[in-house]
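Below: my_file-v1.cif (mmCIF, C-alpha atoms, pLDDT in the B column; chains and numbers go by the auth columns)
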```
data_upload
loop_
_atom_site.group_PDB
_atom_site.id
_atom_site.type_symbol
_atom_site.label_atom_id
_atom_site.label_comp_id
_atom_site.label_asym_id
_atom_site.label_seq_id
_atom_site.Cartn_x
_atom_site.Cartn_y
_atom_site.Cartn_z
_atom_site.B_iso_or_equiv
_atom_site.auth_seq_id
_atom_site.auth_asym_id
ATOM 1 C CA MET A 1 -24.558 -16.088 32.912 48.00 182 A
ATOM 2 C CA ASN A 2 -23.388 -13.859 35.744 50.00 183 A
ATOM 3 C CA ALA A 3 -21.925 -10.376 35.536 48.00 184 A
ATOM 4 C CA LEU A 4 -18.322 -11.667 35.719 51.00 185 A
ATOM 5 C CA THR A 5 -18.648 -14.119 32.841 48.00 186 A
ATOM 6 C CA PRO A 6 -17.838 -12.542 29.499 49.00 187 A
ATOM 7 C CA ALA A 7 -20.428 -12.820 26.772 47.00 188 A
ATOM 8 C CA PRO A 8 -19.548 -15.281 24.017 50.00 189 A
ATOM 9 C CA ALA A 9 -17.665 -13.605 21.206 51.00 190 A
ATOM 10 C CA SER A 10 -19.657 -13.085 18.051 48.00 191 A
ATOM 11 C CA PRO A 11 -18.104 -14.421 14.849 49.00 192 A
ATOM 12 C CA PRO A 12 -15.954 -11.874 13.056 48.00 193 A
ATOM 13 C CA SER A 13 -17.505 -10.038 10.158 40.00 194 A
ATOM 14 C CA PRO A 14 -16.125 -11.061 6.764 41.00 195 A
ATOM 15 C CA TYR A 15 -15.866 -7.332 6.030 41.00 196 A
ATOM 16 C CA SER A 16 -13.752 -6.578 9.063 41.00 197 A
ATOM 17 C CA SER A 17 -10.181 -5.539 8.371 45.00 198 A
ATOM 18 C CA ALA A 18 -9.344 -5.742 12.075 47.00 199 A
ATOM 19 C CA LEU A 19 -8.365 -9.387 11.600 48.00 200 A
ATOM 20 C CA VAL A 20 -5.652 -8.517 9.103 48.00 201 A
ATOM 21 C CA THR A 21 -2.352 -8.499 10.930 57.00 202 A
ATOM 22 C CA SER A 22 -0.048 -8.600 7.910 70.00 203 A
ATOM 23 C CA LYS A 23 3.113 -6.550 8.092 86.00 204 A
ATOM 24 C CA ALA A 24 3.896 -3.790 5.619 85.00 205 A
ATOM 25 C CA GLU A 25 6.085 -4.815 2.709 91.00 206 A
ATOM 26 C CA SER A 26 7.826 -2.787 0.033 92.00 207 A
ATOM 27 C CA HIS A 27 6.651 -3.504 -3.539 94.00 208 A
ATOM 28 C CA THR A 28 7.768 -2.309 -6.963 96.00 209 A
ATOM 29 C CA LEU A 29 4.889 -1.832 -9.406 96.00 210 A
ATOM 30 C CA SER A 30 5.356 -1.358 -13.137 96.00 211 A
ATOM 31 C CA VAL A 31 2.442 0.378 -14.887 96.00 212 A
ATOM 32 C CA LEU A 32 2.107 0.702 -18.673 96.00 213 A
ATOM 33 C CA VAL A 33 -0.042 3.727 -19.560 96.00 214 A
ATOM 34 C CA ASP A 34 -0.971 5.962 -22.478 95.00 215 A
ATOM 35 C CA ASN A 35 1.435 8.873 -22.743 95.00 216 A
ATOM 36 C CA GLU A 36 -1.097 11.694 -22.533 94.00 217 A
ATOM 37 C CA PRO A 37 -1.676 14.732 -20.321 94.00 218 A
ATOM 38 C CA GLY A 38 -3.188 14.012 -16.920 93.00 219 A
ATOM 39 C CA VAL A 39 -2.335 10.298 -16.687 94.00 220 A
ATOM 40 C CA LEU A 40 0.384 10.749 -14.059 94.00 221 A
ATOM 41 C CA ALA A 41 -1.914 13.031 -12.053 94.00 222 A
ATOM 42 C CA ARG A 42 -4.615 10.322 -12.057 93.00 223 A
ATOM 43 C CA VAL A 43 -2.174 7.648 -10.900 94.00 224 A
ATOM 44 C CA VAL A 44 -0.727 9.849 -8.154 94.00 225 A
ATOM 45 C CA GLY A 45 -4.238 10.966 -7.187 93.00 226 A
ATOM 46 C CA LEU A 46 -5.259 7.339 -6.694 92.00 227 A
ATOM 47 C CA PHE A 47 -2.452 6.942 -4.151 92.00 228 A
ATOM 48 C CA SER A 48 -2.946 10.221 -2.302 90.00 229 A
ATOM 49 C CA GLY A 49 -6.731 9.967 -2.257 88.00 230 A
ATOM 50 C CA ARG A 50 -6.566 6.635 -0.476 87.00 231 A
ATOM 51 C CA GLY A 51 -3.715 7.475 1.891 88.00 232 A
ATOM 52 C CA TYR A 52 -1.075 5.303 0.199 90.00 233 A
ATOM 53 C CA ASN A 53 2.502 6.523 0.112 91.00 234 A
ATOM 54 C CA ILE A 54 4.745 6.574 -2.960 94.00 235 A
ATOM 55 C CA GLU A 55 8.370 6.071 -1.925 94.00 236 A
ATOM 56 C CA SER A 56 9.782 6.359 -5.447 94.00 237 A
ATOM 57 C CA LEU A 57 8.238 7.306 -8.790 95.00 238 A
ATOM 58 C CA THR A 58 9.795 7.294 -12.256 96.00 239 A
ATOM 59 C CA VAL A 59 8.116 7.842 -15.612 95.00 240 A
ATOM 60 C CA ALA A 60 9.424 7.607 -19.166 94.00 241 A
ATOM 61 C CA GLU A 61 8.025 7.015 -22.625 95.00 242 A
ATOM 62 C CA VAL A 62 8.888 3.444 -23.669 94.00 243 A
ATOM 63 C CA ALA A 63 6.944 3.015 -26.928 91.00 244 A
ATOM 64 C CA HIS A 64 7.034 6.211 -28.988 91.00 245 A
ATOM 65 C CA ALA A 65 4.937 4.874 -31.875 93.00 246 A
ATOM 66 C CA ASP A 66 2.222 3.611 -29.492 94.00 247 A
ATOM 67 C CA HIS A 67 2.471 6.707 -27.246 94.00 248 A
ATOM 68 C CA GLN A 68 2.953 4.583 -24.135 96.00 249 A
ATOM 69 C CA SER A 69 4.928 5.286 -20.980 96.00 250 A
ATOM 70 C CA ARG A 70 6.059 3.117 -18.100 96.00 251 A
ATOM 71 C CA ILE A 71 5.522 4.323 -14.556 96.00 252 A
ATOM 72 C CA THR A 72 7.607 2.554 -11.926 97.00 253 A
ATOM 73 C CA ILE A 73 6.254 2.992 -8.405 96.00 254 A
ATOM 74 C CA LEU A 74 7.888 1.869 -5.177 95.00 255 A
ATOM 75 C CA THR A 75 5.281 1.722 -2.417 95.00 256 A
ATOM 76 C CA SER A 76 4.721 -0.162 0.807 92.00 257 A
ATOM 77 C CA GLY A 77 1.768 -1.667 2.580 89.00 258 A
ATOM 78 C CA THR A 78 0.265 -4.917 3.693 89.00 259 A
ATOM 79 C CA PRO A 79 -0.118 -7.570 0.982 90.00 260 A
ATOM 80 C CA GLU A 80 -3.851 -6.819 1.002 90.00 261 A
ATOM 81 C CA ALA A 81 -3.257 -3.091 0.491 90.00 262 A
ATOM 82 C CA ILE A 82 -0.794 -3.744 -2.346 92.00 263 A
ATOM 83 C CA GLU A 83 -3.330 -6.011 -4.051 93.00 264 A
ATOM 84 C CA GLN A 84 -5.995 -3.311 -3.649 92.00 265 A
ATOM 85 C CA ILE A 85 -3.642 -0.686 -5.150 93.00 266 A
ATOM 86 C CA ARG A 86 -2.913 -2.983 -8.101 94.00 267 A
ATOM 87 C CA HIS A 87 -6.622 -3.585 -8.781 93.00 268 A
ATOM 88 C CA GLN A 88 -7.459 0.117 -8.524 93.00 269 A
ATOM 89 C CA LEU A 89 -4.634 0.999 -10.925 95.00 270 A
ATOM 90 C CA GLU A 90 -5.939 -1.585 -13.419 94.00 271 A
ATOM 91 C CA ARG A 91 -9.328 0.167 -13.418 93.00 272 A
ATOM 92 C CA LEU A 92 -7.911 3.542 -14.482 90.00 273 A
ATOM 93 C CA VAL A 93 -8.804 4.214 -18.135 83.00 274 A
ATOM 94 C CA PRO A 94 -5.343 4.972 -19.602 91.00 275 A
ATOM 95 C CA VAL A 95 -3.688 1.987 -17.852 94.00 276 A
ATOM 96 C CA HIS A 96 -2.857 -0.962 -20.120 95.00 277 A
ATOM 97 C CA ARG A 97 -1.109 -3.250 -17.656 95.00 278 A
ATOM 98 C CA VAL A 98 -0.017 -3.356 -14.007 96.00 279 A
ATOM 99 C CA THR A 99 2.720 -5.733 -12.885 95.00 280 A
ATOM 100 C CA ASP A 100 3.767 -6.242 -9.266 95.00 281 A
ATOM 101 C CA LEU A 101 7.432 -7.001 -9.917 95.00 282 A
ATOM 102 C CA THR A 102 8.031 -7.855 -6.260 94.00 283 A
ATOM 103 C CA ALA A 103 5.285 -10.494 -6.257 92.00 284 A
ATOM 104 C CA GLN A 104 6.544 -11.780 -9.607 90.00 285 A
ATOM 105 C CA GLY A 105 9.868 -12.246 -7.868 87.00 286 A
ATOM 106 C CA ASN A 106 12.416 -12.069 -10.650 89.00 287 A
ATOM 107 C CA PHE A 107 13.346 -8.489 -11.540 93.00 288 A
ATOM 108 C CA VAL A 108 16.216 -6.018 -11.691 94.00 289 A
ATOM 109 C CA GLU A 109 15.985 -2.563 -10.152 94.00 290 A
ATOM 110 C CA ARG A 110 18.474 0.270 -10.376 96.00 291 A
ATOM 111 C CA GLU A 111 18.678 3.885 -9.348 96.00 292 A
ATOM 112 C CA LEU A 112 21.032 6.711 -10.246 97.00 293 A
ATOM 113 C CA ALA A 113 22.225 9.195 -7.652 97.00 294 A
ATOM 114 C CA MET A 114 24.475 12.225 -7.634 98.00 295 A
ATOM 115 C CA VAL A 115 26.144 12.747 -4.275 98.00 296 A
ATOM 116 C CA LYS A 116 27.972 15.974 -3.406 98.00 297 A
ATOM 117 C CA VAL A 117 30.679 15.744 -0.744 97.00 298 A
ATOM 118 C CA ARG A 118 32.771 18.585 0.701 96.00 299 A
ATOM 119 C CA GLY A 119 36.200 17.872 2.110 92.00 300 A
ATOM 120 C CA ARG A 120 39.912 18.545 2.213 92.00 301 A
ATOM 121 C CA GLY A 121 42.897 16.430 3.077 92.00 302 A
ATOM 122 C CA GLU A 122 42.139 12.987 4.504 94.00 303 A
ATOM 123 C CA ASN A 123 38.343 13.393 4.155 94.00 304 A
ATOM 124 C CA ARG A 124 38.816 14.150 0.462 94.00 305 A
ATOM 125 C CA MET A 125 40.945 11.026 -0.006 95.00 306 A
ATOM 126 C CA GLU A 126 38.463 8.908 1.960 96.00 307 A
ATOM 127 C CA ALA A 127 35.591 10.129 -0.246 96.00 308 A
ATOM 128 C CA LEU A 128 37.539 9.104 -3.363 96.00 309 A
ATOM 129 C CA ARG A 129 38.416 5.673 -1.894 97.00 310 A
ATOM 130 C CA LEU A 130 34.803 4.994 -0.956 97.00 311 A
ATOM 131 C CA SER A 131 33.520 6.074 -4.365 97.00 312 A
ATOM 132 C CA GLU A 132 35.935 3.667 -6.045 97.00 313 A
ATOM 133 C CA ALA A 133 34.755 0.830 -3.803 97.00 314 A
ATOM 134 C CA PHE A 134 31.152 1.575 -4.841 97.00 315 A
ATOM 135 C CA ARG A 135 32.101 2.032 -8.517 97.00 316 A
ATOM 136 C CA GLY A 136 31.142 5.688 -8.340 97.00 317 A
ATOM 137 C CA ARG A 137 32.318 8.176 -10.924 97.00 318 A
ATOM 138 C CA VAL A 138 33.448 11.754 -10.324 97.00 319 A
ATOM 139 C CA VAL A 139 31.281 14.024 -12.497 98.00 320 A
ATOM 140 C CA ASP A 140 32.326 17.350 -10.941 97.00 321 A
ATOM 141 C CA ALA A 141 35.293 18.372 -8.819 96.00 322 A
ATOM 142 C CA THR A 142 36.542 21.538 -7.185 95.00 323 A
ATOM 143 C CA THR A 143 39.366 22.062 -4.718 93.00 324 A
ATOM 144 C CA GLU A 144 36.816 21.675 -1.901 94.00 325 A
ATOM 145 C CA SER A 145 34.210 19.221 -3.187 96.00 326 A
ATOM 146 C CA PHE A 146 33.307 16.271 -5.386 95.00 327 A
ATOM 147 C CA THR A 147 30.060 15.245 -7.026 98.00 328 A
ATOM 148 C CA PHE A 148 29.856 11.494 -7.530 98.00 329 A
ATOM 149 C CA GLU A 149 27.553 9.632 -9.885 98.00 330 A
ATOM 150 C CA LEU A 150 26.491 6.267 -8.541 97.00 331 A
ATOM 151 C CA THR A 151 24.231 3.649 -10.112 97.00 332 A
ATOM 152 C CA GLY A 152 22.923 0.524 -8.426 96.00 333 A
ATOM 153 C CA ALA A 153 20.319 -0.999 -6.197 94.00 334 A
ATOM 154 C CA PRO A 154 18.660 1.518 -3.853 93.00 335 A
ATOM 155 C CA SER A 155 20.232 -0.223 -0.840 94.00 336 A
ATOM 156 C CA LYS A 156 23.713 0.302 -2.347 96.00 337 A
ATOM 157 C CA ILE A 157 23.031 4.021 -2.763 96.00 338 A
ATOM 158 C CA ASP A 158 21.613 4.257 0.776 97.00 339 A
ATOM 159 C CA HIS A 159 24.773 2.620 2.133 97.00 340 A
ATOM 160 C CA PHE A 160 27.071 4.948 0.158 97.00 341 A
ATOM 161 C CA VAL A 161 25.173 8.019 1.372 97.00 342 A
ATOM 162 C CA GLU A 162 25.452 6.872 4.998 97.00 343 A
ATOM 163 C CA LEU A 163 29.218 6.364 4.615 97.00 344 A
ATOM 164 C CA MET A 164 29.573 9.866 3.144 97.00 345 A
ATOM 165 C CA ARG A 165 27.811 11.608 6.058 97.00 346 A
ATOM 166 C CA PRO A 166 30.853 11.718 8.371 96.00 347 A
ATOM 167 C CA VAL A 167 33.169 12.486 5.427 95.00 348 A
ATOM 168 C CA GLY A 168 31.293 15.680 4.459 96.00 349 A
ATOM 169 C CA LEU A 169 28.002 14.942 2.701 97.00 350 A
ATOM 170 C CA VAL A 170 26.453 18.133 1.295 97.00 351 A
ATOM 171 C CA GLU A 171 23.473 16.909 -0.741 97.00 352 A
ATOM 172 C CA VAL A 172 22.007 14.004 -2.675 98.00 353 A
ATOM 173 C CA SER A 173 19.865 13.902 -5.820 97.00 354 A
ATOM 174 C CA ARG A 174 18.254 10.563 -6.776 97.00 355 A
ATOM 175 C CA THR A 175 16.337 9.560 -9.884 95.00 356 A
ATOM 176 C CA GLY A 176 14.047 7.007 -8.263 94.00 357 A
ATOM 177 C CA VAL A 177 13.890 3.312 -9.037 94.00 358 A
ATOM 178 C CA ALA A 178 13.755 1.937 -12.570 94.00 359 A
ATOM 179 C CA ALA A 179 12.837 -1.759 -12.717 95.00 360 A
ATOM 180 C CA ILE A 180 12.264 -4.492 -15.288 93.00 361 A
ATOM 181 C CA SER A 181 11.506 -8.203 -15.094 92.00 362 A
ATOM 182 C CA ARG A 182 14.236 -10.713 -15.823 92.00 363 A
ATOM 183 C CA GLY A 183 14.082 -13.137 -18.725 90.00 364 A
ATOM 184 C CA PRO A 184 12.805 -12.975 -22.300 89.00 365 A
ATOM 185 C CA ASP A 185 9.198 -11.944 -21.578 86.00 366 A
ATOM 186 C CA GLY A 186 8.142 -8.296 -21.625 84.00 367 A
ATOM 187 C CA MET A 187 5.468 -6.457 -19.775 79.00 368 A
#
```

Please go through the file and, once you have read it, give me the structure as structure tokens.
Amino acid sequence: MNALTPAPASPPSPYSSALVTSKAESHTLSVLVDNEPGVLARVVGLFSGRGYNIESLTVAEVAHADHQSRITILTSGTPEAIEQIRHQLERLVPVHRVTDLTAQGNFVERELAMVKVRGRGENRMEALRLSEAFRGRVVDATTESFTFELTGAPSKIDHFVELMRPVGLVEVSRTGVAAISRGPDGM
């Protein structure tokens, strides 16, 4: 072998993550947990401690008698990272069940938003027309502004917000995604 001939490549290590070239995907995870102090902090700590991002987070008690809450998390990563997140969540003590609704494939997700828009004259009329087209509801009105309530898929809310920017968008408040699987089976 001369100096210009490259050395034969060694076989890749089975532990190497350099071979993973998967693209990041957005996933909705549903996590059933005990409703007790510190549980949410542990779940969020798992994400932040490993450098994972939470794009949306909602929590509510769903079984009062059993003291259980559902945490809905929208996150993104490679399929391998999502699988790792799911397994790590399953190992947390107060977690009863973790479901990757995106991988399951058949689920409904909704979000509520309140969108404040300032405007007079034609901009005011345009804001009202657009809200009707998106099935928005006026929940507050002054002579110079409207606050609309809008419920739907996150992409619908994103689109509405973008259309309101040139009309006079002031601010947006969003609840985060709530999601549930379709069909008769529960979590």

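Using only C-alpha atoms, the smallest distance between any of A:Arg231, A:Ala294, A:Leu282, A:Gly302 and Gly367 in chain A comes from A:Leu282.
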
Exercise for the section: Specify as a count of residues only each residue included when the PyMOL selection byres ((chain A and resi 361) around 9) is applied to this file. Expected result: 12

Problem - Residues within 10 Å of Thr209 in chain A, only C-alpha atoms, excluding chain neighbours under 4 positions, as a PyMOL selection string - result: chain A and resi 236-238+253-257+263+280-285+288+290+358-361

Just to be explicit: take each residue in the selection above, keep C-alpha atoms, and write the result as an mmCIF file, in the coordinates of the input.
```cif
data_model
loop_
_atom_site.group_PDB
_atom_site.id
_atom_site.type_symbol
_atom_site.label_atom_id
_atom_site.label_comp_id
_atom_site.auth_asym_id
_atom_site.auth_seq_id
_atom_site.Cartn_x
_atom_site.Cartn_y
_atom_site.Cartn_z
ATOM 1 C CA GLU A 236 8.370 6.071 -1.925
ATOM 2 C CA SER A 237 9.782 6.359 -5.447
ATOM 3 C CA LEU A 238 8.238 7.306 -8.790
ATOM 4 C CA THR A 253 7.607 2.554 -11.926
ATOM 5 C CA ILE A 254 6.254 2.992 -8.405
ATOM 6 C CA LEU A 255 7.888 1.869 -5.177
ATOM 7 C CA THR A 256 5.281 1.722 -2.417
ATOM 8 C CA SER A 257 4.721 -0.162 0.807
ATOM 9 C CA ILE A 263 -0.794 -3.744 -2.346
ATOM 10 C CA THR A 280 2.720 -5.733 -12.885
ATOM 11 C CA ASP A 281 3.767 -6.242 -9.266
ATOM 12 C CA LEU A 282 7.432 -7.001 -9.917
ATOM 13 C CA THR A 283 8.031 -7.855 -6.260
ATOM 14 C CA ALA A 284 5.285 -10.494 -6.257
ATOM 15 C CA GLN A 285 6.544 -11.780 -9.607
ATOM 16 C CA PHE A 288 13.346 -8.489 -11.540
ATOM 17 C CA GLU A 290 15.985 -2.563 -10.152
ATOM 18 C CA VAL A 358 13.890 3.312 -9.037
ATOM 19 C CA ALA A 359 13.755 1.937 -12.570
ATOM 20 C CA ALA A 360 12.837 -1.759 -12.717
ATOM 21 C CA ILE A 361 12.264 -4.492 -15.288
#
```

Practice task
Evaluate the PyMOL selection byres ((chain A and resi 322) around 12) and record the selected residues as a PyMOL selection string, following the chain and residue labels used in the document.
Solution key: chain A and resi 296-301+305+308-309+318-321+323-330

Practice task
Measuring atom to atom with only C-alpha atoms, identify which of A:Gly286, A:Pro260, A:Pro275, A:Pro335 is nearest to Val224 in chain A.
Solution key: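 Of all the options, A:Pro275 lies closest to Val224 in chain A.
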